[in-house]
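Colleague: coords_19.cif is reproduced below (mmCIF, C-alpha atoms and all ligand atoms).
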data_work
#
loop_
_atom_site.label_atom_id
_atom_site.label_comp_id
_atom_site.auth_asym_id
_atom_site.auth_seq_id
_atom_site.Cartn_x
_atom_site.Cartn_y
_atom_site.Cartn_z
CA MET A 1 0.00 0.00 0.00
CA ARG A 2 2.85 2.36 0.71
CA ARG A 3 3.88 2.40 -2.89
CA CYS A 4 0.53 3.75 -3.86
CA VAL A 5 1.45 7.14 -2.58
CA LEU A 6 2.71 8.60 -5.81
CA VAL A 7 -0.70 8.05 -7.26
CA ALA A 8 -2.55 8.67 -4.06
CA ALA A 9 -0.78 11.92 -3.48
CA PHE A 10 -2.84 13.40 -6.25
CA GLY A 11 -5.99 12.44 -4.43
CA LEU A 12 -6.76 10.05 -7.24
CA GLY A 13 -7.06 7.22 -4.83
CA CYS A 14 -5.21 3.99 -4.45
CA ARG A 15 -7.08 1.01 -3.20
CA PRO A 16 -5.86 -2.49 -2.66
CA GLY A 17 -6.87 -4.62 -5.59
CA ALA A 18 -7.54 -1.69 -7.86
CA SER A 19 -5.55 -0.97 -10.94
CA THR A 20 -4.62 2.51 -9.95
CA GLU A 21 -4.40 4.56 -13.04
CA GLU A 22 -4.24 7.94 -14.48
CA GLY A 23 -6.46 10.96 -14.59
CA ALA A 24 -9.26 12.34 -16.62
CA PRO A 25 -9.18 12.73 -20.35
CA PRO A 26 -8.36 16.06 -21.92
CA SER A 27 -11.21 18.45 -22.17
CA ASP A 28 -11.15 18.39 -25.93
CA GLU A 29 -12.32 14.82 -25.74
CA LYS A 30 -15.10 15.18 -23.29
CA ALA A 31 -17.70 16.85 -25.41
CA GLY A 32 -18.04 14.08 -27.88
CA ALA A 33 -16.32 11.05 -26.54
CA SER A 34 -18.68 10.01 -23.76
CA ILE A 35 -15.70 9.23 -21.60
CA ASP A 36 -16.54 7.77 -18.26
CA ARG A 37 -14.15 9.54 -15.95
CA THR A 38 -14.65 7.00 -13.23
CA ALA A 39 -13.36 4.17 -15.37
CA ALA A 40 -14.55 0.65 -14.99
CA SER A 41 -15.81 0.85 -11.45
CA ALA A 42 -15.43 2.57 -8.15
CA SER A 43 -12.32 0.51 -7.65
CA ALA A 44 -10.57 2.28 -10.46
CA THR A 45 -9.57 5.86 -10.81
CA PRO A 46 -10.72 8.11 -13.60
CA ASP A 47 -8.43 7.84 -16.54
CA ASP A 48 -7.97 7.77 -20.21
CA GLY A 49 -6.16 4.54 -19.61
CA GLY A 50 -2.66 4.05 -18.35
CA GLN A 51 -0.08 2.49 -16.17
CA PRO A 52 0.19 2.29 -12.45
CA VAL A 53 2.62 4.77 -11.01
CA ALA A 54 5.90 4.23 -9.25
CA GLY A 55 5.61 0.69 -8.12
CA VAL A 56 1.87 0.55 -7.90
CA ARG A 57 0.91 -2.65 -9.53
CA PRO A 58 -2.40 -3.52 -7.97
CA GLY A 59 -4.42 -5.76 -10.15
CA ALA A 60 -1.34 -7.07 -11.88
CA ARG A 61 -1.36 -10.80 -12.18
CA GLU A 62 1.35 -13.34 -12.33
CA PRO A 63 4.13 -12.47 -14.72
CA ALA A 64 4.05 -13.75 -18.24
CA SER A 65 6.49 -16.48 -17.22
CA LYS A 66 3.41 -18.49 -16.29
CA ASP A 67 2.93 -18.82 -19.98
CA PRO A 68 4.75 -21.91 -21.26
CA ASP A 69 6.22 -19.96 -24.13
CA ALA A 70 7.19 -16.90 -22.13
CA GLY A 71 10.76 -15.81 -22.42
CA THR A 72 11.05 -16.81 -26.04
CA GLY A 73 8.26 -14.61 -27.23
CA SER A 74 4.62 -15.22 -27.68
CA PRO A 75 3.01 -18.61 -27.98
CA SER A 76 3.78 -19.98 -31.40
CA THR A 77 0.10 -20.36 -32.17
CA GLU A 78 -0.39 -16.62 -32.04
CA PRO A 79 -0.54 -14.90 -35.41
CA ASP A 80 2.26 -12.60 -36.44
CA PRO A 81 1.13 -8.96 -36.27
CA LEU A 82 3.52 -8.09 -39.08
CA THR A 83 1.93 -10.46 -41.57
CA ALA A 84 -1.69 -10.57 -40.37
CA PRO A 85 -4.05 -8.81 -42.77
CA PRO A 86 -5.55 -5.58 -41.39
CA SER A 87 -8.97 -6.97 -42.26
CA ARG A 88 -8.49 -9.55 -39.50
CA SER A 89 -9.33 -7.06 -36.76
CA SER A 90 -12.20 -4.63 -36.30
CA SER A 91 -12.37 -1.93 -33.68
CA ILE A 92 -16.07 -1.45 -32.97
CA GLY A 93 -17.54 1.55 -31.17
CA SER A 94 -15.46 4.08 -29.29
CA CYS A 95 -12.38 3.70 -27.11
CA THR A 96 -14.53 4.18 -24.01
CA ALA A 97 -17.57 2.12 -25.02
CA GLY A 98 -16.37 -0.34 -27.59
CA ARG A 99 -15.18 -3.81 -28.37
CA LEU A 100 -12.65 -5.61 -30.49
CA GLU A 101 -13.22 -8.30 -33.08
CA GLY A 102 -10.35 -10.40 -34.36
CA GLY A 103 -7.88 -8.64 -32.10
CA ILE A 104 -4.27 -9.68 -32.33
CA ALA A 105 -1.91 -10.18 -29.39
CA LEU A 106 1.15 -8.05 -28.90
CA PRO A 107 4.00 -10.57 -28.62
CA LEU A 108 5.22 -11.03 -25.07
CA ALA A 109 8.64 -10.34 -26.49
CA ALA A 110 9.73 -9.13 -29.90
CA PRO A 111 12.86 -7.35 -31.14
CA GLY A 112 13.23 -4.23 -28.99
CA LEU A 113 9.98 -4.79 -27.13
CA SER A 114 8.54 -6.66 -24.19
CA PHE A 115 5.07 -6.74 -22.73
CA ASN A 116 5.37 -5.75 -19.07
CA PRO A 117 5.58 -9.07 -17.16
CA ALA A 118 3.78 -7.43 -14.25
CA LYS A 119 0.71 -6.89 -16.39
CA ASP A 120 -2.00 -9.34 -17.37
CA PRO A 121 -1.13 -10.97 -20.71
CA GLY A 122 -4.86 -11.06 -21.39
CA SER A 123 -4.70 -7.29 -21.81
CA ARG A 124 -2.32 -7.13 -24.77
CA PHE A 125 -4.76 -7.28 -27.67
CA GLY A 126 -5.28 -4.62 -30.27
CA THR A 127 -6.05 -4.01 -33.88
CA VAL A 128 -3.56 -5.31 -36.41
CA GLU A 129 -2.73 -1.69 -37.22
CA LEU A 130 -1.86 -0.76 -33.62
CA VAL A 131 -0.01 -3.94 -32.67
CA GLY A 132 1.86 -4.02 -35.96
CA GLY A 133 2.80 -0.37 -35.51
CA LEU A 134 4.22 -1.01 -32.03
CA VAL A 135 6.26 -3.98 -33.21
CA ARG A 136 7.60 -2.08 -36.20
CA ALA A 137 8.50 1.05 -34.21
CA ALA A 138 10.21 -0.84 -31.36
CA SER A 139 12.09 -2.91 -33.89
CA ALA A 140 13.29 0.24 -35.65
CA VAL A 141 14.68 1.56 -32.35
CA GLU A 142 16.38 -1.75 -31.69
CA ARG A 143 18.03 -1.74 -35.11
CA ALA A 144 19.28 1.82 -34.71
CA SER A 145 20.30 1.54 -31.08
CA PRO A 146 20.37 -2.07 -29.88
CA GLY A 147 20.12 -3.30 -26.34
CA HIS A 148 17.17 -1.59 -24.74
CA ALA A 149 13.68 -2.99 -25.01
CA LEU A 150 10.57 -0.86 -24.83
CA THR A 151 8.23 -1.90 -22.00
CA VAL A 152 4.63 -2.00 -23.14
CA GLY A 153 1.66 -2.00 -20.78
CA ASP A 154 -2.01 -2.62 -21.32
CA LEU A 155 -3.70 -2.59 -24.68
CA SER A 156 -7.20 -4.13 -24.67
CA ARG A 157 -8.78 -7.45 -23.75
CA GLU A 158 -9.05 -9.97 -26.57
CA ALA A 159 -12.65 -9.05 -27.27
CA GLY A 160 -12.28 -5.52 -25.96
CA GLY A 161 -14.84 -4.05 -23.60
CA GLU A 162 -14.26 -2.98 -20.04
CA ILE A 163 -10.77 -3.41 -18.71
CA SER A 164 -9.64 -2.97 -15.15
CA GLY A 165 -8.18 0.40 -14.35
CA HIS A 166 -8.98 2.13 -17.62
CA ALA A 167 -11.87 4.17 -18.91
CA SER A 168 -10.67 3.71 -22.46
CA HIS A 169 -8.61 0.81 -23.88
CA GLN A 170 -11.90 -0.84 -24.89
CA SER A 171 -11.63 -1.22 -28.63
CA GLY A 172 -8.05 -2.20 -29.40
CA ARG A 173 -6.81 1.27 -30.29
CA ASP A 174 -5.15 2.32 -27.01
CA VAL A 175 -1.84 1.33 -25.51
CA ASP A 176 0.35 2.47 -22.65
CA VAL A 177 4.10 2.47 -23.13
CA LEU A 178 6.78 3.27 -20.59
CA PHE A 179 9.53 5.71 -21.41
CA TYR A 180 12.93 4.41 -22.37
CA LEU A 181 15.10 5.20 -19.33
CA ARG A 182 18.78 5.22 -18.49
CA ARG A 183 20.71 4.97 -15.28
CA GLU A 184 22.83 7.98 -14.38
CA SER A 185 25.82 6.02 -15.69
CA GLY A 186 24.14 5.96 -19.09
CA GLU A 187 23.33 2.26 -19.03
CA PRO A 188 19.83 1.35 -20.19
CA PHE A 189 17.35 0.90 -17.35
CA VAL A 190 14.38 -1.30 -18.16
CA PRO A 191 11.56 -0.19 -15.89
CA ALA A 192 9.36 -2.81 -14.31
CA LYS A 193 6.90 -0.12 -13.39
CA ALA A 194 5.99 3.41 -14.33
CA ILE A 195 8.41 5.96 -12.84
CA PRO A 196 7.40 9.64 -12.80
CA LEU A 197 9.90 12.04 -14.33
CA ASP A 198 10.45 15.67 -13.44
CA PRO A 199 11.02 18.61 -15.80
CA GLU A 200 14.71 17.65 -16.05
CA GLY A 201 13.66 14.19 -17.21
CA ARG A 202 14.80 12.69 -13.92
CA GLY A 203 13.06 10.27 -11.61
CA THR A 204 13.78 7.58 -9.08
CA ASP A 205 12.85 3.95 -8.79
CA TYR A 206 12.16 4.23 -5.07
CA GLY A 207 11.51 0.60 -4.30
CA ASP A 208 10.59 0.67 -0.61
CA LEU A 209 9.39 4.22 -0.03
CA ALA A 210 10.76 4.22 3.52
CA ASP A 211 14.21 3.02 2.55
CA PRO A 212 16.54 5.38 0.69
CA ALA A 213 19.14 2.63 0.31
CA ASP A 214 17.32 0.89 -2.53
CA ASP A 215 16.64 4.02 -4.61
CA VAL A 216 17.80 3.98 -8.22
CA PRO A 217 17.97 7.36 -9.97
CA VAL A 218 16.95 7.22 -13.63
CA VAL A 219 16.79 9.67 -16.51
CA LEU A 220 14.66 9.83 -19.62
CA ASP A 221 16.37 8.34 -22.65
CA GLU A 222 15.30 11.09 -24.99
CA ALA A 223 17.08 9.61 -28.00
CA ARG A 224 15.37 6.23 -27.91
CA THR A 225 12.01 7.60 -26.80
CA TRP A 226 12.00 10.10 -29.64
CA SER A 227 13.16 7.46 -32.07
CA PHE A 228 10.22 5.26 -31.05
CA VAL A 229 7.54 7.94 -31.31
CA ALA A 230 8.97 9.19 -34.60
CA ALA A 231 8.79 5.69 -36.08
CA LEU A 232 5.26 5.24 -34.82
CA LEU A 233 4.12 8.60 -36.15
CA ALA A 234 5.59 7.83 -39.55
CA ASP A 235 3.67 4.55 -39.68
CA GLU A 236 0.72 5.28 -41.93
CA ALA A 237 -0.97 2.00 -41.09
CA ALA A 238 -1.02 2.85 -37.39
CA ALA A 239 -2.27 6.44 -37.89
CA VAL A 240 -1.62 7.85 -34.41
CA GLN A 241 -4.38 10.15 -33.19
CA ARG A 242 -3.09 10.99 -29.72
CA ILE A 243 -0.10 10.68 -27.47
CA PHE A 244 -0.91 11.69 -23.93
CA VAL A 245 2.24 12.91 -22.23
CA VAL A 246 3.12 15.54 -19.65
CA GLU A 247 4.01 18.92 -21.10
CA HIS A 248 7.57 19.03 -19.77
CA LEU A 249 8.51 15.69 -21.33
CA ARG A 250 6.80 16.69 -24.57
CA SER A 251 9.12 19.69 -24.62
CA ARG A 252 12.19 17.53 -24.01
CA LEU A 253 11.21 15.22 -26.84
CA LEU A 254 10.66 18.14 -29.17
CA ASP A 255 14.13 19.42 -28.25
CA GLU A 256 15.56 16.01 -29.03
CA ALA A 257 13.73 15.92 -32.36
CA ARG A 258 15.28 19.24 -33.36
CA ARG A 259 18.69 18.12 -32.11
CA VAL A 260 18.68 15.08 -34.37
CA LYS A 261 17.21 17.14 -37.21
CA ALA A 262 14.10 15.01 -37.52
CA PRO A 263 11.95 15.71 -40.59
CA ALA A 264 9.85 18.82 -40.08
CA GLU A 265 6.62 16.99 -40.82
CA VAL A 266 7.31 14.39 -38.11
CA ILE A 267 8.11 17.10 -35.57
CA GLU A 268 4.95 18.93 -36.54
CA ARG A 269 2.87 15.77 -36.26
CA PHE A 270 4.30 15.04 -32.81
CA ALA A 271 3.59 18.58 -31.67
CA GLU A 272 0.06 18.25 -32.95
CA VAL A 273 -0.94 14.88 -31.48
CA THR A 274 0.64 15.26 -28.04
CA CYS A 275 -1.39 16.53 -25.13
CA GLN A 276 -1.30 16.50 -21.34
CA PRO A 277 -4.62 15.30 -19.95
CA GLY A 278 -5.98 15.65 -16.43
CA PHE A 279 -3.53 13.12 -15.09
CA PRO A 280 -0.16 14.47 -16.13
CA HIS A 281 1.35 11.36 -17.77
CA ASP A 282 4.81 11.95 -16.40
CA ASP A 283 5.47 8.22 -16.04
CA HIS A 284 4.24 6.74 -19.32
CA MET A 285 2.70 7.67 -22.64
CA HIS A 286 -0.75 6.66 -23.72
CA VAL A 287 -1.01 6.22 -27.48
CA ARG A 288 -4.30 6.06 -29.36
CA VAL A 289 -4.71 5.33 -33.05
CA PHE A 290 -7.49 6.36 -35.37
CA CYS A 291 -10.18 4.04 -36.62
CA SER A 292 -8.89 2.52 -39.83
CA VAL A 293 -10.83 3.14 -43.01
CA GLU A 294 -12.08 -0.45 -42.98
CA ASP A 295 -13.07 -0.25 -39.34
CA ILE A 296 -15.09 2.91 -39.83
CA GLY A 297 -17.24 0.88 -42.17
CA ALA A 298 -17.59 -1.78 -39.49
CA GLY A 299 -18.73 0.68 -36.80
CA CYS A 300 -15.54 2.15 -35.40
CA ILE A 301 -16.10 5.54 -33.74
CA ASP A 302 -13.38 8.15 -33.37
CA GLY A 303 -13.20 10.76 -30.66
CA SER A 304 -11.97 14.25 -31.36
CA PRO A 305 -9.77 15.67 -32.65
CA ILE A 306 -9.85 14.77 -36.31
CA TYR A 307 -6.98 16.73 -37.83
CA PRO A 308 -7.20 18.19 -41.33
CA TRP A 309 -4.64 15.65 -42.61
CA ARG A 310 -6.85 12.84 -41.34
CA THR A 311 -10.01 14.27 -42.84
CA LYS A 312 -8.16 14.57 -46.14
CA ALA A 313 -6.88 10.98 -46.01
CA LEU A 314 -10.36 9.67 -45.25
CA ALA A 315 -11.90 11.75 -48.01
CA THR A 316 -9.38 10.27 -50.42
CA ALA A 317 -10.51 6.83 -49.28
CA GLY A 318 -14.13 7.88 -49.71
CA VAL A 319 -15.20 7.66 -46.08
CA GLU A 320 -16.19 10.04 -43.35
CA PRO A 321 -15.30 9.52 -39.70
CA VAL A 322 -18.07 8.84 -37.22
CA LEU A 323 -17.43 11.01 -34.20
CA ALA A 324 -18.32 9.91 -30.69
CA GLY A 325 -21.31 11.81 -29.45
CA SER A 326 -22.48 12.75 -32.94
CA ASP A 327 -25.86 11.87 -34.39
CA ASP A 328 -24.21 8.95 -36.16
CA ASP A 329 -22.87 7.49 -32.93
CA GLU A 330 -25.29 4.76 -31.95
CA SER A 331 -22.99 3.07 -29.46
CA PRO A 332 -24.15 2.57 -25.88
CA LYS A 333 -22.99 5.25 -23.49
CA PRO A 334 -21.03 4.26 -20.42
CA PRO A 335 -22.65 5.21 -17.13
CA THR A 336 -21.39 8.37 -15.51
CA ARG A 337 -20.04 7.91 -12.04
CA LYS A 338 -18.51 10.40 -9.72
CA PRO A 339 -14.80 9.78 -9.25
CA LYS A 340 -13.75 8.69 -5.82
CA THR A 341 -11.02 10.93 -4.64
CA LYS A 342 -9.25 11.61 -1.42
CA SER A 343 -7.27 14.52 -0.14
CA ILE A 344 -3.54 14.59 -0.63
CA ALA A 345 -3.01 14.67 3.12
CA GLN A 346 -5.29 11.67 3.56
CA ALA A 347 -3.55 9.76 0.80
CA ARG A 348 -0.13 10.47 2.19
CA ALA A 349 -1.19 9.45 5.68
CA GLU A 350 -2.47 6.14 4.34
CA ALA A 351 0.67 5.55 2.33
CA GLY A 352 2.77 5.06 5.44
CA PRO A 353 6.38 6.02 6.06
CA MET A 354 8.31 7.69 3.27
CA HIS A 355 11.83 8.95 3.37
CA GLU A 356 12.42 12.63 2.82
CA ASP A 357 13.39 12.40 -0.84
CA VAL A 358 10.05 10.80 -1.70
CA VAL A 359 8.21 13.52 0.17
CA ALA A 360 10.25 16.17 -1.61
CA PHE A 361 9.50 14.63 -5.00
CA LEU A 362 5.78 14.51 -4.25
CA ASP A 363 5.89 18.16 -3.24
CA ARG A 364 7.66 19.08 -6.45
CA ARG A 365 5.29 16.96 -8.52
CA GLN A 366 2.38 19.20 -7.64
CA ALA A 367 3.89 21.80 -9.93
CA TRP A 368 3.02 19.84 -13.04
CA VAL A 369 -0.24 18.19 -12.03
CA LYS A 370 -2.23 21.06 -13.39
CA ARG A 371 -2.73 20.87 -17.12
CA PRO A 372 -0.90 23.58 -18.96
CA HIS A 373 -2.72 25.79 -21.39
CA PRO A 374 -0.24 26.32 -24.15
CA GLY A 375 -2.85 27.62 -26.55
CA ARG A 376 -2.53 24.79 -28.98
CA ARG A 377 -5.37 24.15 -31.36
CA TRP A 378 -5.70 20.42 -30.67
CA CYS A 379 -4.89 20.32 -26.96
CA ARG A 380 -6.87 22.51 -24.63
ZN ZN B 1 -3.73 4.29 -21.20
#
I'd like the structure from this file rewritten - as structure tokens, please.

Modeller:
Amino acid sequence: MRRCVLVAAFGLGCRPGASTEEGAPPSDEKAGASIDRTAASASATPDDGGQPVAGVRPGAREPASKDPDAGTGSPSTEPDPLTAPPSRSSSIGSCTAGRLEGGIALPLAAPGLSFNPAKDPGSRFGTVELVGGLVRAASAVERASPGHALTVGDLSREAGGEISGHASHQSGRDVDVLFYLRRESGEPFVPAKAIPLDPEGRGTDYGDLADPADDVPVVLDEARTWSFVAALLADEAAAVQRIFVVEHLRSRLLDEARRVKAPAEVIERFAEVTCQPGFPHDDHMHVRVFCSVEDIGAGCIDGSPIYPWRTKALATAGVEPVLAGSDDDESPKPPTRKPKTKSIAQARAEAGPMHEDVVAFLDRRQAWVKRPHPGRRWCR
């Protein structure tokens, strides 16, 4: 329970057995997307889907090693996301009230990628477009800079629908990925959990919150993280709609993109799709992809925003997006529940002893909880 404090300190709650997750969706989603801010139940926090924070892994099941094929990749009977036809999968409905048909599993391990062993392997299903995009992007990072696997968290259940700890992640188009991290020595650090990072890109794997002896300082690996998002954004099949990430890490990644002289259109796309929602996303990124052209025909419903480039691409394909909340959206609406929250003081008291560095970090973290208002068109 003590490890829950980094979540609980926000008053977002942290209950035994709950998949403690992130905050509310950005306001530009709420009008049309019918997002249930209270997530799956009172045992989950409001979110747009995400990872537990700083060692909080409630709800996590046995590691993937339970699987007979774990360690060498996914079970051999699972189809290959790189060769599966996109028509295999259909994302039906919206990300917050939807389902998944013909979903494909993210491999437990693939070049440059591993599904977080602390997470439920039953929550690694997505559309062929999303899963293929993740595998391709992680593989590209591995080729360019070997030796550091991306840790991927929840996607959707095999048939989609409600998933513990997330309001979205229902229709195979959402995924949480951890940042690539390094130790202070520069060595890759593969996180087993989400670690919040400050405006300098620094964080700490605190382990036991009361014991400073087991703390491991880590820093954001801007080069690999940028390389991954750039590859994903350039993947036309995946068609990224959103990357939820805290503003200060967005800025660091933009700096990195300019440093490596990334193509202007990729930088522009990243700047456009990134947004900090109600929960700051300082410990992972949540990526959402658009409904594919085929899936729109099958009943896939996009939330806002639909960028001009997307409208143009769909028009070329002869389809129009169906927007959540529009007259064309006939999907069932999730019930609205009031989020259960607790005060920061209450949460901290329940979290138990913490050494002074943890307390200091939590104090500093308040500075970036509030969503910034940078005046961007697609992120308000
Ligand atoms: Zn998420």

Colleague: From the set A:Ile92, A:Ala194, A:Leu108, A:Ala84, which residue has the shortest atom-to-atom contact distance to ligand ZN 1 (chain B), counting all atoms listed in the file?

Modeller: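 Closest candidate: A:Ala194.
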
Colleague: Hey, which of A:Arg269, A:His248, A:His166, A:Arg259 ends up closest to ligand ZN 1 (chain B)? Count only C-alpha atoms and all ligand atoms.

Modeller: A:His166

Colleague: Considering all atoms listed in the file, can you say which of A:Ala167, A:Leu181, A:Leu150, A:Val260 comes closest to ligand ZN 1 (chain B)?

Modeller: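 Smallest separation from ligand ZN 1 (chain B) among the options: A:Ala167.
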
Colleague: So which one's closest to ligand ZN 1 (chain B), A:Lys193, A:Arg136, A:His281, A:Arg88? Using all atoms listed in the file, please.

Modeller: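 Answer, going by the shortest atom-to-atom distance: A:His281.
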
Colleague: Between A:Asp120, A:Asp283, A:Glu222, A:Glu129, which is the closest to ligand ZN 1 (chain B) once you count all atoms listed in the file?

Modeller: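 Among the listed residues, the smallest separation from ligand ZN 1 (chain B) belongs to A:Asp283.
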
Colleague: Taking 5 positions as the minimum chain separation for residues in the same chain, which residues sit within 9 Å of range 198-215 of chain A when counting only C-alpha atoms? Answer as a list in words.

Modeller: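 Neighbouring residues, sequence-local ones excluded: Arg2, Arg3, Val5, Ala54, Gly55, Pro191, Lys193, Leu220, Asp221, Glu222, Glu247, His248, Leu249, Arg252, Asp282, Gly352, Pro353, Met354, His355, Glu356, Asp357, Val358, Phe361, Arg364, Arg365 and Trp368 of chain A.
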
Colleague: As an exercise, work out the distance from CA of Cys275 in chain A to CA of Val289 in chain A in Å and give it to one decimal place.

Modeller: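 Taking CA of Cys275 in chain A and CA of Val289 in chain A, their separation equals 14.1 Å.
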
Colleague: As an exercise, work out the distance from CA of Leu253 in chain A to CA of Ala223 in chain A in Å and give it to one decimal place.

Modeller: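 Interatomic distance here is 8.2 Å.
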
Colleague: What's the 12 Å shell around Gly132 in chain A, counting only C-alpha atoms, without same-chain residues fewer than 3 positions away, as JSON, numbers by chain?

Modeller: {"A": [79, 80, 81, 82, 83, 84, 85, 86, 89, 103, 104, 105, 106, 107, 110, 125, 126, 127, 128, 129, 135, 136, 137, 138, 139, 173, 231, 232, 235, 236, 237, 238, 239, 289]}

Colleague: CA of Arg376 in chain A and CA of Ala97 in chain A, how far apart in Å?

Modeller: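 Interatomic distance here is 27.5 Å.
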
Colleague: My list of candidates is A:Val287, A:Ala109, A:Ala257, A:Ala159. Which is closest to ligand ZN 1 (chain B) when distances are computed with all atoms listed in the file?

Modeller: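 The shortest atom-to-atom distance to ligand ZN 1 (chain B) comes from A:Val287.
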